[in-house]
>>> print(open('coords_3.cif').read())   # mmCIF, C-alpha atoms and all ligand atoms
data_structure
loop_
_atom_site.label_atom_id
_atom_site.label_comp_id
_atom_site.auth_asym_id
_atom_site.auth_seq_id
_atom_site.Cartn_x
_atom_site.Cartn_y
_atom_site.Cartn_z
CA MET A 123 -13.77 -7.45 -13.95
CA SER A 124 -15.75 -9.63 -11.60
CA LEU A 125 -17.50 -7.95 -8.73
CA PRO A 126 -16.32 -8.53 -5.17
CA PHE A 127 -19.92 -8.75 -3.90
CA HIS A 128 -22.63 -11.21 -4.97
CA PHE A 129 -25.25 -10.59 -2.27
CA CYS A 130 -26.99 -7.53 -0.93
CA TYR A 131 -25.47 -6.26 2.32
CA HIS A 132 -28.93 -5.30 3.57
CA CYS A 133 -31.32 -8.17 2.69
CA GLY A 134 -29.02 -10.91 1.42
CA SER A 135 -30.63 -11.30 -2.00
CA ASP A 136 -28.48 -12.02 -5.03
CA GLN A 137 -30.34 -9.51 -7.21
CA LEU A 138 -27.60 -6.91 -7.46
CA VAL A 139 -27.56 -4.70 -10.52
CA GLN A 140 -24.47 -2.70 -11.33
CA ARG A 141 -25.64 0.85 -12.09
CA SER A 142 -22.21 2.43 -12.51
CA TRP A 143 -18.62 1.52 -11.73
CA ARG A 144 -19.28 2.26 -8.08
CA GLU A 145 -22.96 1.54 -7.43
CA LEU A 146 -24.58 -1.87 -6.96
CA LYS A 147 -28.32 -1.60 -6.42
CA CYS A 148 -30.42 -4.41 -4.97
CA SER A 149 -33.58 -5.10 -7.03
CA ALA A 150 -35.21 -6.79 -4.02
CA CYS A 151 -34.89 -4.03 -1.40
CA SER A 152 -33.54 -0.98 -3.32
CA TYR A 153 -30.50 -0.72 -1.06
CA SER A 154 -27.47 0.73 -2.87
CA GLN A 155 -24.01 -0.37 -1.93
CA TYR A 156 -20.87 1.25 -3.25
CA LEU A 157 -17.44 0.15 -4.25
CA PHE A 158 -15.05 2.56 -2.58
CA VAL A 159 -11.39 3.08 -3.27
CA THR A 160 -9.20 1.47 -0.62
CA SER A 161 -6.52 3.76 0.76
CA ALA A 162 -3.02 2.56 1.52
CA ALA A 163 -0.02 4.30 3.05
CA VAL A 164 3.38 3.69 1.44
CA ALA A 165 6.74 4.71 2.91
CA LEU A 166 9.96 6.05 1.42
CA VAL A 167 12.39 5.93 4.36
CA GLN A 168 16.01 6.93 3.91
CA ASP A 169 18.93 6.74 6.33
CA ALA A 170 21.63 9.40 6.79
CA GLN A 171 23.59 7.87 3.90
CA GLY A 172 20.60 8.25 1.59
CA ARG A 173 19.88 4.54 1.37
CA LEU A 174 16.22 3.56 0.81
CA LEU A 175 14.42 1.04 3.02
CA LEU A 176 13.02 -1.84 0.96
CA MET A 177 11.46 -5.19 1.85
CA ARG A 178 11.49 -8.43 -0.09
CA ARG A 179 7.88 -9.54 -0.27
CA ALA A 180 7.20 -12.91 1.39
CA HIS A 181 3.72 -13.34 -0.11
CA GLU A 182 1.77 -12.77 -3.28
CA PRO A 183 1.17 -10.46 -4.98
CA ALA A 184 4.71 -9.92 -6.24
CA LYS A 185 6.25 -12.55 -3.94
CA GLY A 186 10.07 -12.37 -3.96
CA LYS A 187 10.18 -8.88 -5.42
CA LEU A 188 11.46 -5.82 -3.62
CA GLY A 189 8.84 -3.32 -2.58
CA LEU A 190 8.28 -0.37 -0.34
CA PRO A 191 6.86 -0.90 3.14
CA GLY A 192 3.22 0.03 3.43
CA GLY A 193 -0.31 -1.25 3.69
CA ILE A 194 -4.01 -0.60 4.02
CA ILE A 195 -5.05 2.28 6.26
CA GLU A 196 -7.30 0.98 9.02
CA ALA A 197 -10.62 2.57 9.97
CA TRP A 198 -10.25 5.79 12.00
CA GLN A 199 -6.50 5.79 11.50
CA THR A 200 -4.61 8.65 9.85
CA ALA A 201 -2.48 7.90 6.82
CA GLU A 202 0.61 8.99 8.77
CA ALA A 203 -0.19 6.64 11.66
CA ALA A 204 -0.77 3.78 9.22
CA CYS A 205 2.55 4.54 7.55
CA SER A 206 4.41 4.39 10.90
CA ARG A 207 2.60 1.20 11.90
CA GLU A 208 3.29 -0.61 8.63
CA VAL A 209 6.97 0.39 8.58
CA LEU A 210 7.43 -0.85 12.15
CA GLU A 211 5.50 -4.09 11.50
CA GLU A 212 7.29 -4.92 8.27
CA THR A 213 10.83 -3.67 8.86
CA GLY A 214 11.35 -3.02 12.60
CA ILE A 215 12.14 0.64 11.93
CA THR A 216 10.43 3.28 14.08
CA VAL A 217 9.34 6.49 12.35
CA PRO A 218 7.30 8.95 14.45
CA GLU A 219 3.93 9.91 12.96
CA ASP A 220 4.92 13.58 12.77
CA ALA A 221 8.14 12.81 10.85
CA TRP A 222 6.44 12.12 7.53
CA SER A 223 6.32 14.53 4.64
CA TYR A 224 3.97 14.04 1.73
CA LEU A 225 5.17 12.95 -1.71
CA GLY A 226 1.94 12.29 -3.61
CA THR A 227 -0.79 9.77 -4.41
CA PHE A 228 -0.68 6.99 -6.98
CA ASN A 229 -3.48 4.77 -8.30
CA ASN A 230 -2.90 1.10 -7.68
CA ARG A 231 -4.75 -2.17 -8.38
CA TYR A 232 -4.45 -4.66 -5.58
CA GLN A 233 -5.23 -8.30 -6.30
CA PHE A 234 -6.72 -9.92 -3.20
CA GLN A 235 -8.99 -12.95 -2.73
CA GLY A 236 -9.56 -13.26 -6.45
CA TYR A 237 -10.63 -9.69 -7.12
CA ILE A 238 -8.89 -6.53 -8.21
CA TRP A 239 -9.49 -3.72 -5.73
CA PRO A 240 -8.99 -0.10 -6.77
CA THR A 241 -6.45 1.30 -4.35
CA LEU A 242 -4.99 4.74 -3.76
CA ASP A 243 -1.42 4.67 -2.49
CA ILE A 244 -0.61 7.73 -0.37
CA VAL A 245 3.18 8.01 -0.36
CA PHE A 246 5.16 9.66 2.44
CA MET A 247 8.87 10.32 2.91
CA ALA A 248 10.97 10.33 6.09
CA LYS A 249 14.60 10.31 7.15
CA VAL A 250 16.04 8.29 10.02
CA ASP A 251 19.63 8.19 11.34
CA HIS A 252 20.23 4.51 10.61
CA PHE A 253 18.61 1.15 9.86
CA ASP A 254 20.38 -0.75 12.68
CA ALA A 255 17.07 -2.08 14.00
CA ALA A 256 15.94 -3.31 10.57
CA MET A 257 14.66 -6.86 10.53
CA ALA A 258 11.86 -8.79 8.87
CA VAL A 259 9.37 -8.82 11.73
CA ASP A 260 5.84 -9.91 10.94
CA GLY A 261 6.25 -12.34 8.04
CA GLU A 262 5.23 -9.81 5.37
CA ALA A 263 8.89 -9.45 4.37
CA SER A 264 11.40 -12.26 3.90
CA GLU A 265 14.24 -9.75 4.31
CA VAL A 266 14.75 -6.04 4.78
CA VAL A 267 17.14 -4.38 2.35
CA ALA A 268 18.74 -0.92 2.33
CA GLN A 269 19.87 0.21 -1.10
CA PRO A 270 21.50 3.44 -2.26
CA LEU A 271 18.87 5.27 -4.27
CA ASN A 272 20.93 5.31 -7.47
CA GLU A 273 21.57 1.54 -7.29
CA ILE A 274 17.93 0.48 -7.15
CA ALA A 275 16.67 -1.46 -10.18
CA VAL A 276 13.53 0.62 -10.24
CA GLU A 277 11.71 -1.33 -12.94
CA ASP A 278 12.03 -4.54 -10.89
CA LEU A 279 10.06 -3.19 -7.92
CA ALA A 280 6.85 -4.96 -6.94
CA PHE A 281 4.21 -2.48 -8.09
CA GLN A 282 3.95 0.23 -10.70
CA THR A 283 3.05 2.72 -7.96
CA HIS A 284 6.30 1.86 -6.13
CA ILE A 285 8.24 2.38 -9.37
CA ASP A 286 6.54 5.74 -9.93
CA ALA A 287 7.07 6.84 -6.33
CA VAL A 288 10.77 5.95 -6.29
CA LYS A 289 11.25 7.70 -9.64
CA ARG A 290 9.59 10.81 -8.23
CA LEU A 291 11.86 10.66 -5.18
CA MET A 292 14.94 10.23 -7.42
CA ALA A 293 13.88 13.29 -9.43
CA ARG A 294 13.91 15.34 -6.23
CA VAL A 295 17.41 14.38 -5.10
ZN ZN B 1 -31.33 -6.04 -0.80
#
>>> encode(input="coords_3.cif", output="structure tokens", more="lines below")
Ligand SMILES: [Zn+2]
Amino acid sequence: MSLPFHFCYHCGSDQLVQRSWRELKCSACSYSQYLFVTSAAVALVQDAQGRLLLMRRAHEPAKGKLGLPGGIIEAWQTAEAACSREVLEETGITVPEDAWSYLGTFNNRYQFQGYIWPTLDIVFMAKVDHFDAAMAVDGEASEVVAQPLNEIAVEDLAFQTHIDAVKRLMARV
């Protein structure tokens, strides 16, 4: 796996030595920089009929596939706030931050700018009355889809973590 960094953050030299999976140490200035896991919030939103909110992905990775709304948690933002923000941005559906309940975490690998970033998907569940306001808003989704849970082709979802999360939700119903 190629490293996402080639130069020292601190002095700009290219003399980085990988000491472990997470530590890159600069031979020129001794500064250590670390590869951290990126956290993402992922949403399982159901309406009163038990349909699940899905989005058809407009961009790579997994362009054209159905996936769950979600995205990277921004600095100083809670996972719940990120979940509400991503759902609103991607699907037009409003879910209050205090409406989420926790399902679990799943390890993901997110391909971005030529590198594979270790990602932890934090998955939350919520119920809303209806999806009347659903629409592809910000260009992340080409369409927003509501599917009855038992009609979802789980194995065709965009990411393994989405497959695992939906399976775990199905096991609870
Ligand atoms: Zn340095």
>>> closest_atom_pairs(input="coords_3.cif", of="chain A", to="ligand ZN 1 (chain B)", cutoff="6 Å", atoms="all atoms listed in the file", output="tab-separated table")
residue	atom	partner	partner_atom	distance
A:Cys130	CA	B:ZN1	ZN	4.6
A:His132	CA	B:ZN1	ZN	5.0
A:Cys133	CA	B:ZN1	ZN	4.1
A:Gly134	CA	B:ZN1	ZN	5.8
A:Ser135	CA	B:ZN1	ZN	5.4
A:Cys148	CA	B:ZN1	ZN	4.6
A:Ala150	CA	B:ZN1	ZN	5.1
A:Cys151	CA	B:ZN1	ZN	4.1
A:Tyr153	CA	B:ZN1	ZN	5.4
>>> atom_distance(input="coords_3.cif", atom1="atom CA of A:Pro240", atom2="atom CA of A:Phe158")
7.8 Å
>>> closest_residue(input="coords_3.cif", among="A:Asp278, A:Glu219, A:Glu182, A:Asp169", to="A:His252", atoms="all atoms listed in the file")
A:Asp169
>>> closest_residue(input="coords_3.cif", among="A:Ala275, A:Asp260, A:Thr283, A:Asn230", to="A:Ala180", atoms="only C-alpha atoms")
A:Asp260
>>> axis_aligned_box(input="coords_3.cif", around="stretch 149-153 of chain A", padding_each_side="4 Å", output="AutoDock Vina command-line options")
--center_x -32.9 --center_y -3.8 --center_z -4.0 --size_x 12.7 --size_y 14.1 --size_z 14.0
>>> atom_distance(input="coords_3.cif", atom1="atom CA of A:Ile215", atom2="atom CA of A:Phe253")
6.8 Å
>>> residues_around(input="coords_3.cif", residues="A:Thr213", least_positions_apart="5", cutoff="8 Å", atoms="all atoms listed in the file", output="ChimeraX atom specification")
/A:177,191,256-259,263,266
>>> write_last_selection(input="coords_3.cif", atoms="C-alpha atoms", output="PDB file, in the frame of the given file")
ATOM      1  CA  MET A 177      11.460  -5.190   1.850  1.00  0.00           C
ATOM      2  CA  PRO A 191       6.860  -0.900   3.140  1.00  0.00           C
ATOM      3  CA  ALA A 256      15.940  -3.310  10.570  1.00  0.00           C
ATOM      4  CA  MET A 257      14.660  -6.860  10.530  1.00  0.00           C
ATOM      5  CA  ALA A 258      11.860  -8.790   8.870  1.00  0.00           C
ATOM      6  CA  VAL A 259       9.370  -8.820  11.730  1.00  0.00           C
ATOM      7  CA  ALA A 263       8.890  -9.450   4.370  1.00  0.00           C
ATOM      8  CA  VAL A 266      14.750  -6.040   4.780  1.00  0.00           C
TER       9      VAL A 266
END
>>> residues_around(input="coords_3.cif", residues="A:Arg207", least_positions_apart="6", cutoff="10 Å", atoms="only C-alpha atoms", output="PyMOL selection string")
chain A and resi 163+191-193+195+201+214-219
>>> closest_residue(input="coords_3.cif", among="A:Ser206, A:Gln137, A:Glu212, A:Ala184", to="A:Gly261", atoms="all atoms listed in the file")
A:Glu212
>>> closest_residue(input="coords_3.cif", among="A:Arg179, A:Leu291, A:Leu146, A:Ala204", to="A:Asn272", atoms="all atoms listed in the file")
A:Leu291
>>> closest_residue(input="coords_3.cif", among="A:Val209, A:Leu176, A:Ser223, A:Thr160", to="A:Ile194", atoms="only C-alpha atoms")
A:Thr160
>>> decode(input="coords_3.cif", residues="stretch 170-201 of chain A", atoms="N, CA and C atoms", output="tab-separated table (two decimals), in the first residue's frame")
chain	number	residue	atom	x	y	z
A	170	ALA	N	-42.17	5.21	8.35
A	170	ALA	CA	-43.16	4.50	9.17
A	170	ALA	C	-43.52	3.14	8.57
A	171	GLN	N	-43.32	3.00	7.25
A	171	GLN	CA	-43.62	1.72	6.60
A	171	GLN	C	-42.43	0.76	6.66
A	172	GLY	N	-41.35	1.19	7.28
A	172	GLY	CA	-40.18	0.33	7.41
A	172	GLY	C	-39.27	0.34	6.20
A	173	ARG	N	-39.52	1.27	5.28
A	173	ARG	CA	-38.63	1.36	4.11
A	173	ARG	C	-37.31	2.01	4.51
A	174	LEU	N	-36.22	1.60	3.86
A	174	LEU	CA	-34.88	2.13	4.18
A	174	LEU	C	-34.48	3.19	3.14
A	175	LEU	N	-33.89	4.26	3.64
A	175	LEU	CA	-33.44	5.37	2.78
A	175	LEU	C	-32.08	5.02	2.16
A	176	LEU	N	-32.05	4.98	0.83
A	176	LEU	CA	-30.81	4.66	0.11
A	176	LEU	C	-30.55	5.75	-0.93
A	177	MET	N	-29.32	5.88	-1.33
A	177	MET	CA	-28.96	6.85	-2.39
A	177	MET	C	-28.15	6.13	-3.46
A	178	ARG	N	-28.44	6.50	-4.70
A	178	ARG	CA	-27.61	5.96	-5.79
A	178	ARG	C	-26.41	6.88	-5.96
A	179	ARG	N	-25.21	6.30	-5.84
A	179	ARG	CA	-24.01	7.11	-5.79
A	179	ARG	C	-23.67	7.72	-7.16
A	180	ALA	N	-23.47	9.04	-7.18
A	180	ALA	CA	-23.21	9.75	-8.42
A	180	ALA	C	-21.73	9.76	-8.79
A	181	HIS	N	-20.87	9.40	-7.84
A	181	HIS	CA	-19.43	9.47	-8.08
A	181	HIS	C	-18.74	8.20	-7.60
A	182	GLU	N	-17.52	8.02	-8.09
A	182	GLU	CA	-16.68	6.94	-7.57
A	182	GLU	C	-16.27	7.28	-6.14
A	183	PRO	N	-15.97	6.34	-5.28
A	183	PRO	CA	-16.06	4.90	-5.55
A	183	PRO	C	-17.49	4.40	-5.57
A	184	ALA	N	-17.67	3.29	-6.29
A	184	ALA	CA	-18.98	2.60	-6.35
A	184	ALA	C	-20.05	3.46	-7.03
A	185	LYS	N	-19.64	4.21	-8.06
A	185	LYS	CA	-20.59	5.02	-8.83
A	185	LYS	C	-21.70	4.15	-9.40
A	186	GLY	N	-22.96	4.60	-9.25
A	186	GLY	CA	-24.11	3.89	-9.80
A	186	GLY	C	-24.70	2.86	-8.86
A	187	LYS	N	-23.97	2.52	-7.81
A	187	LYS	CA	-24.48	1.55	-6.85
A	187	LYS	C	-25.31	2.25	-5.77
A	188	LEU	N	-26.18	1.46	-5.15
A	188	LEU	CA	-26.94	2.00	-4.03
A	188	LEU	C	-26.10	1.93	-2.76
A	189	GLY	N	-26.19	2.97	-1.96
A	189	GLY	CA	-25.46	2.99	-0.71
A	189	GLY	C	-26.25	3.72	0.36
A	190	LEU	N	-25.75	3.67	1.55
A	190	LEU	CA	-26.37	4.39	2.65
A	190	LEU	C	-25.84	5.81	2.67
A	191	PRO	N	-26.67	6.78	3.07
A	191	PRO	CA	-26.15	8.13	3.24
A	191	PRO	C	-25.12	8.15	4.37
A	192	GLY	N	-24.15	9.04	4.21
A	192	GLY	CA	-23.13	9.15	5.25
A	192	GLY	C	-21.90	9.83	4.72
A	193	GLY	N	-20.94	10.09	5.61
A	193	GLY	CA	-19.72	10.74	5.16
A	193	GLY	C	-18.77	11.00	6.31
A	194	ILE	N	-17.66	11.63	5.96
A	194	ILE	CA	-16.60	11.89	6.94
A	194	ILE	C	-17.08	12.86	8.02
A	195	ILE	N	-16.72	12.55	9.25
A	195	ILE	CA	-17.05	13.44	10.37
A	195	ILE	C	-16.05	14.59	10.37
A	196	GLU	N	-16.55	15.82	10.39
A	196	GLU	CA	-15.67	16.97	10.35
A	196	GLU	C	-15.08	17.24	11.74
A	197	ALA	N	-13.97	18.00	11.75
A	197	ALA	CA	-13.31	18.32	13.01
A	197	ALA	C	-14.28	19.02	13.96
A	198	TRP	N	-14.26	18.61	15.21
A	198	TRP	CA	-15.06	19.20	16.29
A	198	TRP	C	-16.55	18.97	16.11
A	199	GLN	N	-16.91	18.01	15.30
A	199	GLN	CA	-18.31	17.69	15.09
A	199	GLN	C	-18.60	16.33	15.71
A	200	THR	N	-19.76	16.18	16.35
A	200	THR	CA	-20.10	14.86	16.88
A	200	THR	C	-20.50	13.94	15.72
A	201	ALA	N	-20.43	12.64	15.98
A	201	ALA	CA	-20.84	11.68	14.96
A	201	ALA	C	-22.32	11.84	14.64
